[in-house]
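Asker: The file below is final15.cif, mmCIF, C-alpha atoms; chains and numbers go by the auth columns:
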```
data_query
#
loop_
_atom_site.group_PDB
_atom_site.id
_atom_site.type_symbol
_atom_site.label_atom_id
_atom_site.label_comp_id
_atom_site.label_asym_id
_atom_site.label_seq_id
_atom_site.Cartn_x
_atom_site.Cartn_y
_atom_site.Cartn_z
_atom_site.B_iso_or_equiv
_atom_site.auth_seq_id
_atom_site.auth_asym_id
ATOM 1 C CA MET A 1 122.951 190.339 185.457 0.00 1 X
ATOM 2 C CA LYS A 2 126.729 190.365 185.995 0.00 2 X
ATOM 3 C CA GLU A 3 126.531 186.782 187.365 0.00 3 X
ATOM 4 C CA GLN A 4 124.682 185.537 184.267 0.00 4 X
ATOM 5 C CA THR A 5 127.270 187.223 182.029 0.00 5 X
ATOM 6 C CA SER A 6 130.083 185.495 183.921 0.00 6 X
ATOM 7 C CA ASN A 7 128.419 182.082 183.513 0.00 7 X
ATOM 8 C CA VAL A 8 128.025 182.604 179.785 0.00 8 X
ATOM 9 C CA LEU A 9 131.663 183.638 179.411 0.00 9 X
ATOM 10 C CA LEU A 10 132.764 180.564 181.385 0.00 10 X
ATOM 11 C CA LYS A 11 130.747 178.236 179.129 0.00 11 X
ATOM 12 C CA VAL A 12 132.195 179.911 176.046 0.00 12 X
ATOM 13 C CA GLN A 13 135.730 179.425 177.340 0.00 13 X
ATOM 14 C CA VAL A 14 135.089 175.732 178.067 0.00 14 X
ATOM 15 C CA LEU A 15 133.609 175.275 174.596 0.00 15 X
ATOM 16 C CA GLU A 16 136.609 177.002 173.012 0.00 16 X
ATOM 17 C CA LYS A 17 138.986 174.642 174.856 0.00 17 X
ATOM 18 C CA ARG A 18 137.034 171.583 173.676 0.00 18 X
ATOM 19 C CA LEU A 19 136.998 172.845 170.106 0.00 19 X
ATOM 20 C CA GLY A 20 140.737 173.470 170.333 0.00 20 X
ATOM 21 C CA ARG A 21 141.377 169.898 171.476 0.00 21 X
ATOM 22 C CA LEU A 22 139.152 168.499 168.736 0.00 22 X
ATOM 23 C CA ALA A 23 140.968 170.562 166.149 0.00 23 X
ATOM 24 C CA LEU A 24 144.307 169.267 167.435 0.00 24 X
ATOM 25 C CA ILE A 25 143.114 165.676 167.181 0.00 25 X
ATOM 26 C CA LEU A 26 141.905 166.235 163.612 0.00 26 X
ATOM 27 C CA VAL A 27 145.211 167.833 162.647 0.00 27 X
ATOM 28 C CA LEU A 28 147.186 164.915 164.102 0.00 28 X
ATOM 29 C CA ALA A 29 144.980 162.403 162.300 0.00 29 X
ATOM 30 C CA LEU A 30 145.379 164.295 159.037 0.00 30 X
ATOM 31 C CA CYS A 31 149.147 164.394 159.522 0.00 31 X
ATOM 32 C CA GLY A 32 149.169 160.646 160.034 0.00 32 X
ATOM 33 C CA LEU A 33 147.253 160.103 156.796 0.00 33 X
ATOM 34 C CA VAL A 34 149.617 162.403 154.927 0.00 34 X
ATOM 35 C CA VAL A 35 152.663 160.569 156.288 0.00 35 X
ATOM 36 C CA GLU A 36 151.157 157.189 155.344 0.00 36 X
ATOM 37 C CA ALA A 37 150.341 158.459 151.854 0.00 37 X
ATOM 38 C CA CYS A 38 153.903 159.746 151.453 0.00 38 X
ATOM 39 C CA ILE A 39 155.340 156.386 152.487 0.00 39 X
ATOM 40 C CA ILE A 40 153.152 154.512 150.020 0.00 40 X
ATOM 41 C CA TYR A 41 154.036 156.997 147.259 0.00 41 X
ATOM 42 C CA ARG A 42 157.710 156.593 148.090 0.00 42 X
ATOM 43 C CA LEU A 43 157.486 152.798 147.952 0.00 43 X
ATOM 44 C CA HIS A 44 155.854 152.905 144.529 0.00 44 X
ATOM 45 C CA THR A 45 157.963 155.654 142.930 0.00 45 X
ATOM 46 C CA HIS A 46 161.399 155.318 144.574 0.00 46 X
ATOM 47 C CA PRO A 47 161.660 151.829 145.991 0.00 47 X
ATOM 48 C CA THR A 48 164.947 150.843 147.575 0.00 48 X
ATOM 49 C CA SER A 49 165.939 147.268 148.190 0.00 49 X
ATOM 50 C CA GLY A 50 165.089 147.574 151.867 0.00 50 X
ATOM 51 C CA THR A 51 161.739 149.270 151.500 0.00 51 X
ATOM 52 C CA LEU A 52 160.806 147.030 148.547 0.00 52 X
ATOM 53 C CA SER A 53 161.634 143.913 150.555 0.00 53 X
ATOM 54 C CA ALA A 54 159.551 145.185 153.442 0.00 54 X
ATOM 55 C CA TYR A 55 156.709 146.010 151.079 0.00 55 X
ATOM 56 C CA ASN A 56 156.900 142.565 149.446 0.00 56 X
ATOM 57 C CA ALA A 57 157.049 140.846 152.829 0.00 57 X
ATOM 58 C CA SER A 58 153.985 142.768 153.960 0.00 58 X
ATOM 59 C CA TYR A 59 152.185 141.858 150.731 0.00 59 X
ATOM 60 C CA ASP A 60 153.101 138.158 151.137 0.00 60 X
ATOM 61 C CA GLN A 61 151.811 138.140 154.693 0.00 61 X
ATOM 62 C CA GLN A 62 148.541 139.727 153.631 0.00 62 X
ATOM 63 C CA ASN A 63 148.202 137.229 150.779 0.00 63 X
ATOM 64 C CA LYS A 64 148.719 134.329 153.203 0.00 64 X
ATOM 65 C CA LEU A 65 146.148 135.802 155.555 0.00 65 X
ATOM 66 C CA ASN A 66 143.662 136.043 152.701 0.00 66 X
ATOM 67 C CA ILE A 67 144.257 132.385 151.762 0.00 67 X
ATOM 68 C CA LEU A 68 143.888 131.232 155.373 0.00 68 X
ATOM 69 C CA SER A 69 140.743 133.302 155.747 0.00 69 X
ATOM 70 C CA ALA A 70 139.256 131.693 152.630 0.00 70 X
ATOM 71 C CA ARG A 71 140.104 128.201 153.908 0.00 71 X
ATOM 72 C CA LEU A 72 138.599 129.012 157.282 0.00 72 X
ATOM 73 C CA GLY A 73 135.434 130.190 155.579 0.00 73 X
ATOM 74 C CA THR A 74 135.230 126.924 153.614 0.00 74 X
ATOM 75 C CA CYS A 75 135.726 124.848 156.776 0.00 75 X
ATOM 76 C CA GLU A 76 133.060 126.825 158.619 0.00 76 X
ATOM 77 C CA HIS A 77 130.670 126.311 155.695 0.00 77 X
ATOM 78 C CA GLN A 78 131.255 122.537 155.655 0.00 78 X
ATOM 79 C CA LEU A 79 130.903 122.345 159.435 0.00 79 X
ATOM 80 C CA GLN A 80 127.627 124.231 159.290 0.00 80 X
ATOM 81 C CA LYS A 81 126.334 121.835 156.615 0.00 81 X
ATOM 82 C CA ILE A 82 127.164 118.885 158.855 0.00 82 X
ATOM 83 C CA GLN A 83 125.573 120.535 161.887 0.00 83 X
ATOM 84 C CA ASP A 84 122.447 121.318 159.868 0.00 84 X
ATOM 85 C CA HIS A 85 121.944 117.653 158.980 0.00 85 X
ATOM 86 C CA LYS A 86 119.345 115.788 160.951 0.00 86 X
ATOM 87 C CA GLU A 87 120.278 112.963 163.273 0.00 87 X
ATOM 88 C CA VAL A 88 119.025 109.710 161.749 0.00 88 X
ATOM 89 C CA ALA A 89 118.157 106.471 163.577 0.00 89 X
ATOM 90 C CA PHE A 90 115.244 104.043 163.606 0.00 90 X
ATOM 91 C CA THR A 91 114.048 100.691 164.931 0.00 91 X
ATOM 92 C CA ALA A 92 110.787 99.026 163.930 0.00 92 X
ATOM 93 C CA ALA A 93 109.241 95.643 164.701 0.00 93 X
ATOM 94 C CA LEU A 94 107.190 93.386 162.446 0.00 94 X
ATOM 95 C CA GLN A 95 103.724 92.408 163.616 0.00 95 X
ATOM 96 C CA PRO A 96 101.342 89.819 162.107 0.00 96 X
ATOM 97 C CA SER A 97 97.947 90.759 160.705 0.00 97 X
ATOM 98 C CA SER A 98 96.384 87.806 162.540 0.00 98 X
ATOM 99 C CA TRP A 99 97.622 85.753 165.491 0.00 99 X
ATOM 100 C CA ASP A 100 96.848 82.892 167.836 0.00 100 X
ATOM 101 C CA GLY A 101 96.081 83.005 171.550 0.00 101 X
ATOM 102 C CA SER A 102 99.752 83.509 172.445 0.00 102 X
ATOM 103 C CA GLY A 103 100.076 86.508 170.112 0.00 103 X
ATOM 104 C CA TYR A 104 102.108 84.787 167.368 0.00 104 X
ATOM 105 C CA GLY A 105 101.220 84.839 163.687 0.00 105 X
ATOM 106 C CA VAL A 106 102.718 83.871 160.314 0.00 106 X
ATOM 107 C CA ILE A 107 103.438 86.212 157.378 0.00 107 X
ATOM 108 C CA GLY A 108 103.447 84.465 154.016 0.00 108 X
ATOM 109 C CA PRO A 109 103.973 82.580 151.851 0.00 109 X
ATOM 110 C CA PHE A 110 102.912 84.746 148.884 0.00 110 X
ATOM 111 C CA ASN A 111 103.080 84.188 145.141 0.00 111 X
ATOM 112 C CA LYS A 112 105.450 87.155 144.714 0.00 112 X
ATOM 113 C CA ASP A 113 108.074 89.108 146.667 0.00 113 X
ATOM 114 C CA ILE A 114 106.572 91.591 149.128 0.00 114 X
ATOM 115 C CA THR A 115 107.990 94.431 151.219 0.00 115 X
ATOM 116 C CA LEU A 116 107.790 93.683 154.924 0.00 116 X
ATOM 117 C CA LYS A 117 106.198 96.617 156.717 0.00 117 X
ATOM 118 C CA HIS A 118 107.647 96.762 160.209 0.00 118 X
ATOM 119 C CA GLY A 119 104.723 98.710 161.580 0.00 119 X
ATOM 120 C CA ASN A 120 105.556 98.945 165.281 0.00 120 X
ATOM 121 C CA VAL A 121 107.985 101.886 165.097 0.00 121 X
ATOM 122 C CA LEU A 122 109.985 102.104 168.308 0.00 122 X
ATOM 123 C CA THR A 123 112.389 104.855 167.265 0.00 123 X
ATOM 124 C CA ASN A 124 112.379 107.142 164.230 0.00 124 X
ATOM 125 C CA VAL A 125 114.785 110.010 164.849 0.00 125 X
ATOM 126 C CA GLY A 126 114.791 112.242 161.774 0.00 126 X
ATOM 127 C CA GLY A 127 111.660 110.634 160.311 0.00 127 X
ATOM 128 C CA ALA A 128 113.499 108.771 157.531 0.00 128 X
ATOM 129 C CA TYR A 129 111.656 105.482 158.082 0.00 129 X
ATOM 130 C CA SER A 130 108.219 105.532 156.434 0.00 130 X
ATOM 131 C CA ASN A 131 105.014 103.742 157.378 0.00 131 X
ATOM 132 C CA LYS A 132 105.434 101.708 154.172 0.00 132 X
ATOM 133 C CA GLY A 133 108.417 99.919 155.690 0.00 133 X
ATOM 134 C CA VAL A 134 111.002 101.809 153.628 0.00 134 X
ATOM 135 C CA PHE A 135 113.962 103.834 154.893 0.00 135 X
ATOM 136 C CA ILE A 136 114.803 106.805 152.635 0.00 136 X
ATOM 137 C CA ALA A 137 118.259 108.336 153.104 0.00 137 X
ATOM 138 C CA PRO A 138 117.926 112.060 153.940 0.00 138 X
ATOM 139 C CA VAL A 139 121.652 112.823 153.525 0.00 139 X
ATOM 140 C CA ARG A 140 124.629 111.396 151.655 0.00 140 X
ATOM 141 C CA GLY A 141 126.640 109.215 154.002 0.00 141 X
ATOM 142 C CA VAL A 142 127.515 105.843 155.464 0.00 142 X
ATOM 143 C CA TYR A 143 124.702 104.017 157.267 0.00 143 X
ATOM 144 C CA PHE A 144 124.545 100.919 159.447 0.00 144 X
ATOM 145 C CA PHE A 145 121.604 98.502 159.123 0.00 145 X
ATOM 146 C CA THR A 146 120.762 95.370 161.068 0.00 146 X
ATOM 147 C CA PHE A 147 117.796 93.029 161.236 0.00 147 X
ATOM 148 C CA THR A 148 116.587 89.984 163.154 0.00 148 X
ATOM 149 C CA THR A 149 114.031 87.619 161.651 0.00 149 X
ATOM 150 C CA TYR A 150 112.020 84.967 163.428 0.00 150 X
ATOM 151 C CA SER A 151 110.242 81.841 162.222 0.00 151 X
ATOM 152 C CA TRP A 152 107.943 79.330 163.816 0.00 152 X
ATOM 153 C CA VAL A 153 106.959 76.828 161.198 0.00 153 X
ATOM 154 C CA ALA A 154 107.833 73.325 160.021 0.00 154 X
ATOM 155 C CA GLU A 155 108.668 72.064 156.516 0.00 155 X
ATOM 156 C CA LYS A 156 108.704 75.516 154.941 0.00 156 X
ATOM 157 C CA ASP A 157 111.220 77.881 153.384 0.00 157 X
ATOM 158 C CA ILE A 158 111.966 80.789 155.666 0.00 158 X
ATOM 159 C CA GLY A 159 114.079 83.922 155.144 0.00 159 X
ATOM 160 C CA VAL A 160 114.228 87.611 154.247 0.00 160 X
ATOM 161 C CA ARG A 161 116.206 89.933 151.996 0.00 161 X
ATOM 162 C CA LEU A 162 117.650 93.355 152.792 0.00 162 X
ATOM 163 C CA MET A 163 117.329 95.553 149.706 0.00 163 X
ATOM 164 C CA LYS A 164 118.993 98.765 148.548 0.00 164 X
ATOM 165 C CA ASN A 165 116.773 100.347 145.918 0.00 165 X
ATOM 166 C CA ASN A 166 116.104 97.367 143.605 0.00 166 X
ATOM 167 C CA GLU A 167 119.218 95.355 144.484 0.00 167 X
ATOM 168 C CA GLU A 168 119.561 92.555 147.035 0.00 168 X
ATOM 169 C CA VAL A 169 122.239 93.321 149.639 0.00 169 X
ATOM 170 C CA LEU A 170 121.761 90.509 152.168 0.00 170 X
ATOM 171 C CA LEU A 171 119.805 87.255 152.308 0.00 171 X
ATOM 172 C CA VAL A 172 119.184 84.908 155.225 0.00 172 X
ATOM 173 C CA TRP A 173 117.214 81.718 154.574 0.00 173 X
ATOM 174 C CA GLU A 174 116.682 78.110 155.617 0.00 174 X
ATOM 175 C CA THR A 175 114.425 75.195 154.765 0.00 175 X
ATOM 176 C CA GLN A 176 112.763 74.044 157.993 0.00 176 X
ATOM 177 C CA ASP A 177 112.396 70.317 158.530 0.00 177 X
ATOM 178 C CA LYS A 178 109.910 68.476 160.696 0.00 178 X
ATOM 179 C CA GLY A 179 111.968 68.624 163.851 0.00 179 X
ATOM 180 C CA ASP A 180 113.154 72.239 163.578 0.00 180 X
ATOM 181 C CA ASN A 181 110.254 74.670 163.737 0.00 181 X
ATOM 182 C CA GLU A 182 111.620 77.747 165.594 0.00 182 X
ATOM 183 C CA ASP A 183 114.582 79.853 164.503 0.00 183 X
ATOM 184 C CA TYR A 184 116.129 83.312 164.682 0.00 184 X
ATOM 185 C CA ALA A 185 118.521 84.794 162.126 0.00 185 X
ATOM 186 C CA SER A 186 120.319 88.147 162.097 0.00 186 X
ATOM 187 C CA ASN A 187 122.636 90.051 159.784 0.00 187 X
ATOM 188 C CA SER A 188 124.144 93.550 159.469 0.00 188 X
ATOM 189 C CA VAL A 189 125.712 95.747 156.826 0.00 189 X
ATOM 190 C CA LEU A 190 127.307 99.150 156.237 0.00 190 X
ATOM 191 C CA LEU A 191 125.986 100.952 153.169 0.00 191 X
ATOM 192 C CA GLU A 192 127.081 104.155 151.471 0.00 192 X
ATOM 193 C CA LEU A 193 123.895 105.916 150.419 0.00 193 X
ATOM 194 C CA GLU A 194 123.023 108.932 148.327 0.00 194 X
ATOM 195 C CA VAL A 195 120.124 111.226 149.156 0.00 195 X
ATOM 196 C CA GLY A 196 116.888 109.419 148.271 0.00 196 X
ATOM 197 C CA ASP A 197 118.308 105.864 148.270 0.00 197 X
ATOM 198 C CA LYS A 198 115.859 103.344 149.716 0.00 198 X
ATOM 199 C CA VAL A 199 116.596 100.458 152.081 0.00 199 X
ATOM 200 C CA TYR A 200 113.929 97.932 153.075 0.00 200 X
ATOM 201 C CA MET A 201 113.204 94.285 153.904 0.00 201 X
ATOM 202 C CA ARG A 202 111.637 91.866 151.411 0.00 202 X
ATOM 203 C CA LEU A 203 109.963 88.517 151.920 0.00 203 X
ATOM 204 C CA PRO A 204 110.872 86.335 148.914 0.00 204 X
ATOM 205 C CA LYS A 205 108.184 84.541 146.919 0.00 205 X
ATOM 206 C CA GLY A 206 107.166 81.276 148.590 0.00 206 X
ATOM 207 C CA TYR A 207 108.916 82.125 151.873 0.00 207 X
ATOM 208 C CA GLN A 208 107.378 82.892 155.231 0.00 208 X
ATOM 209 C CA VAL A 209 108.325 84.289 158.632 0.00 209 X
ATOM 210 C CA ALA A 210 106.612 84.765 161.979 0.00 210 X
ATOM 211 C CA ALA A 211 106.103 87.645 164.364 0.00 211 X
ATOM 212 C CA SER A 212 104.286 88.556 167.562 0.00 212 X
ATOM 213 C CA VAL A 213 101.956 91.311 168.682 0.00 213 X
ATOM 214 C CA LYS A 214 103.192 90.921 172.257 0.00 214 X
ATOM 215 C CA SER A 215 106.973 90.793 171.752 0.00 215 X
ATOM 216 C CA ASN A 216 109.303 92.593 169.361 0.00 216 X
ATOM 217 C CA ILE A 217 111.047 89.486 168.037 0.00 217 X
ATOM 218 C CA HIS A 218 111.325 90.445 164.351 0.00 218 X
ATOM 219 C CA THR A 219 113.064 93.831 163.984 0.00 219 X
ATOM 220 C CA PHE A 220 114.687 96.159 161.443 0.00 220 X
ATOM 221 C CA SER A 221 117.040 98.979 162.529 0.00 221 X
ATOM 222 C CA GLY A 222 119.443 101.493 161.058 0.00 222 X
ATOM 223 C CA PHE A 223 121.277 104.732 161.737 0.00 223 X
ATOM 224 C CA LEU A 224 123.548 107.289 160.080 0.00 224 X
ATOM 225 C CA LEU A 225 127.163 106.542 160.987 0.00 225 X
ATOM 226 C CA TYR A 226 128.533 109.717 159.382 0.00 226 X
ATOM 227 C CA SER A 227 127.561 112.050 156.556 0.00 227 X
ATOM 228 C CA ARG A 228 129.740 112.771 153.540 0.00 228 X
ATOM 229 C CA SER A 229 129.902 116.033 151.632 0.00 229 X
ATOM 230 C CA ILE A 230 129.656 116.078 147.843 0.00 230 X
ATOM 231 C CA GLN A 231 133.147 116.258 146.348 0.00 231 X
#
```
Can I see the file as structure tokens?
Answerer:
Amino acid sequence: MKEQTSNVLLKVQVLEKRLGRLALILVLALCGLVVEACIIYRLHTHPTSGTLSAYNASYDQQNKLNILSARLGTCEHQLQKIQDHKEVAFTAALQPSSWDGSGYGVIGPFNKDITLKHGNVLTNVGGAYSNKGVFIAPVRGVYFFTFTTYSWVAEKDIGVRLMKNNEEVLLVWETQDKGDNEDYASNSVLLELEVGDKVYMRLPKGYQVAASVKSNIHTFSGFLLYSRSIQ
């Protein structure tokens, strides 16, 4: 019984010491708050040149920190927008609907302009190139496009147009004579596009080109060089 009483008294003493330390900590913290409040009150009610200068300097520093923090937030937001954008790149090859024993076939001529559907899609990162032969810009930015056209025909007009929406951007063409029946032509361009702008290849009325089901000799490619935020 005496041993149990001694243990209880010991625990009580330990608890009292801990409570005493906690009380001391609380008192010190309260004193610190009181001192800080007194300093602030003094600065506002009885400012001297020295204390006012220190107060103003502290305020200026805080204001600069707020401005820098806001700018940092804006930069982080813009960076996140860029990182969220999809990577964009594609290459597709034109194939004929009918062909000879070597795999070559002619497309055209037609009595109106037609969109060339490069159906053999080799790469389509970001999915911006559609099965209708049209590239649709997913983000605002600067894009690079290139194409190679092939012909195998005599005494015909050959050539293609690269279009942006309803406007011609590039045209390659030639009138083949009797002794010149196989040709390649290529061209490239940088275009600034808005979201939803369309880029595609057109075969002009009365023109024709050739392609192969065995070789990718007539191609259309493009990729996003860099995106641009809306100003």
Asker: If you count only C-alpha atoms, which residues fall within 12 Å of Ala210 in chain X, apart from same-chain ones fewer than 2 positions away, as a VMD selection string?
Answerer: chain X and resid 93 to 100 103 to 109 116 148 to 154 156 to 160 181 to 185 203 207 to 208 212 to 213 215 to 219
Asker: Could you dump the residues just selected with C-alpha atoms as a compact mmCIF listing (two decimals), in the frame of the given file?
Answerer:
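The result, written out as again_20.txt:
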```txt
# COMPACT_ATOMS: atom_id res chain seq x y z
CA ALA X 93 109.24 95.64 164.70
CA LEU X 94 107.19 93.39 162.45
CA GLN X 95 103.72 92.41 163.62
CA PRO X 96 101.34 89.82 162.11
CA SER X 97 97.95 90.76 160.71
CA SER X 98 96.38 87.81 162.54
CA TRP X 99 97.62 85.75 165.49
CA ASP X 100 96.85 82.89 167.84
CA GLY X 103 100.08 86.51 170.11
CA TYR X 104 102.11 84.79 167.37
CA GLY X 105 101.22 84.84 163.69
CA VAL X 106 102.72 83.87 160.31
CA ILE X 107 103.44 86.21 157.38
CA GLY X 108 103.45 84.46 154.02
CA PRO X 109 103.97 82.58 151.85
CA LEU X 116 107.79 93.68 154.92
CA THR X 148 116.59 89.98 163.15
CA THR X 149 114.03 87.62 161.65
CA TYR X 150 112.02 84.97 163.43
CA SER X 151 110.24 81.84 162.22
CA TRP X 152 107.94 79.33 163.82
CA VAL X 153 106.96 76.83 161.20
CA ALA X 154 107.83 73.32 160.02
CA LYS X 156 108.70 75.52 154.94
CA ASP X 157 111.22 77.88 153.38
CA ILE X 158 111.97 80.79 155.67
CA GLY X 159 114.08 83.92 155.14
CA VAL X 160 114.23 87.61 154.25
CA ASN X 181 110.25 74.67 163.74
CA GLU X 182 111.62 77.75 165.59
CA ASP X 183 114.58 79.85 164.50
CA TYR X 184 116.13 83.31 164.68
CA ALA X 185 118.52 84.79 162.13
CA LEU X 203 109.96 88.52 151.92
CA TYR X 207 108.92 82.12 151.87
CA GLN X 208 107.38 82.89 155.23
CA SER X 212 104.29 88.56 167.56
CA VAL X 213 101.96 91.31 168.68
CA SER X 215 106.97 90.79 171.75
CA ASN X 216 109.30 92.59 169.36
CA ILE X 217 111.05 89.49 168.04
CA HIS X 218 111.32 90.44 164.35
CA THR X 219 113.06 93.83 163.98
```
Asker: Please write the residues picked by the PyMOL selection byres ((chain X and resi 125) around 10) on this file as a list in words.
Answerer: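 Taken on the displayed file, the PyMOL selection byres ((chain X and resi 125) around 10) yields the residues Lys86, Glu87, Val88, Ala89, Phe90, Thr91, Leu122, Thr123, Asn124, Gly126, Gly127, Ala128, Tyr129 and Phe223 of chain X.
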Asker: One decimal, in Å: what's the spacing between CA of Arg161 in chain X and CA of Gly206 in chain X?
Answerer: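 About the pair CA of Arg161 in chain X and CA of Gly206 in chain X: they are 13.0 Å apart.
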Asker: Please measure the separation of CA of Ile136 in chain X and CA of Lys214 in chain X, giving the value in Å to one decimal.
Answerer: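 Distance between the two atoms: 27.8 Å.
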Asker: Neighbouring residues of Tyr200 in chain X were defined as those with any atom within 12 Å, considering all atoms listed in the file; residues of the same chain fewer than 4 positions away were excluded. Please report them as a VMD selection string.
Answerer: chain X and resid 92 114 to 118 128 to 137 145 to 147 160 to 170 219 to 222
Asker: Written as number ranges by chain, which residues does the PyMOL selection byres ((chain X and resi 205) around 6) give for the file shown?
Answerer: X: 110-113, 204, 206-207
Asker: Please compute the CA of Lys178 in chain X-CA of Arg202 in chain X distance, one decimal, in Å.
Answerer: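 Between these atoms lies a distance of 25.2 Å.
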